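What follows is a short report on a single structure.
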Amino acid sequence: MASEYAIPGVAVDESLFTTGPTPRLVGSQCAGCGVVTFPQAGSCSRCTGTSMTRVELPSRGRLWSWTVQGFLPKNPPYAGKETPLTFKPYGVGYIQLDAPGGGDGVIVESRLTESDAASLKIGMEMELTLIPFTTDDSGQDVITFAFAPVGGAA
Ligand SMILES: [Zn+2]
C-alpha cells in the first residue's frame, strides 16, 4: 500500500488522486455537457445529468488565486493533528488546470507547498505533488495533494 505512492504513506482520501510516481487528481466529466468537476461528483452541476465518468486531470495549471492559512483551522472538518503551538502556516490556492486539449480547464482548490507570500504570484505555473499531511492512529504517514511552483518559487 505505502509503496504505491511517490512518498511513503496512505492517501487522505483515495478518491482524490492516483497512485504511482506521477500523481494525478481524479475528477469526473459529464457525458451530457462535458463539464469537468473536482472532486468527483455523482451528478453534473451544470445540466444535472447523472452520467459522470472518472477522468484523470492534467497535473499542471496556473495559480488563479491564493492566500496563506495563518491559524489552525477548526477541527473538524480539518483533520490535521497540530495544536495552536505546533501549527505552521500553509498556502492555499485555486489552480486553473490546463485543459486536455489546450486552454483553460477546471479550477481546483488545493494546499500549496509555498507559504511565503513573496514566493507566490497569480498566473504562475504550478504542478501537482504529494506531501505528508498528518499521521493516522497507527502512526503511519497520511499524504495529501498540493501544488508547487514549477521550477521553484517566483
Ligand atoms: Zn452536464
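For the C-alpha cells, the naming scheme is as follows: chains receive sequential letters (A, B, ...) according to their order of presentation, residues are indexed from 1 within each chain, and ligands are indexed from 1 in presentation order.
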**Message:** Around ligand 1, out to 10 Å and counting only C-alpha atoms and all ligand atoms, which residues are there? I want them as a PyMOL selection string.
**Reply:** chain A and resi 29-37+43-52
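All residues of protein, DNA or RNA that reach within 8 Å of Ala6 in chain A, judged by only C-alpha atoms and not counting those fewer than 4 positions away in the chain, are Thr19, Gly20, Pro21, Thr22, Pro23 and Leu130 of chain A.
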**Prompt:** Could you write out, as a ChimeraX atom specification, all the residues of chain A that DSSP marks as strand (DSSP E)?
**Reply:** /A:10-11,26-30,36-37,52-56,60-69,90-98,104-112,125-135,141-149
**Request:** Give the helix (DSSP H, G or I) residues of chain A, as assigned by DSSP on the backbone, as number ranges by chain.
**Result:** A: 2-4, 117-119
**Message:** Between A:Gly80, A:Gly105, A:Gly91, A:Pro73, which residue has the minimum interatomic distance to Ala148 in chain A, considering only C-alpha atoms?
**Reply:**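 With only C-alpha atoms as the atom set, the closest residue is A:Gly91.
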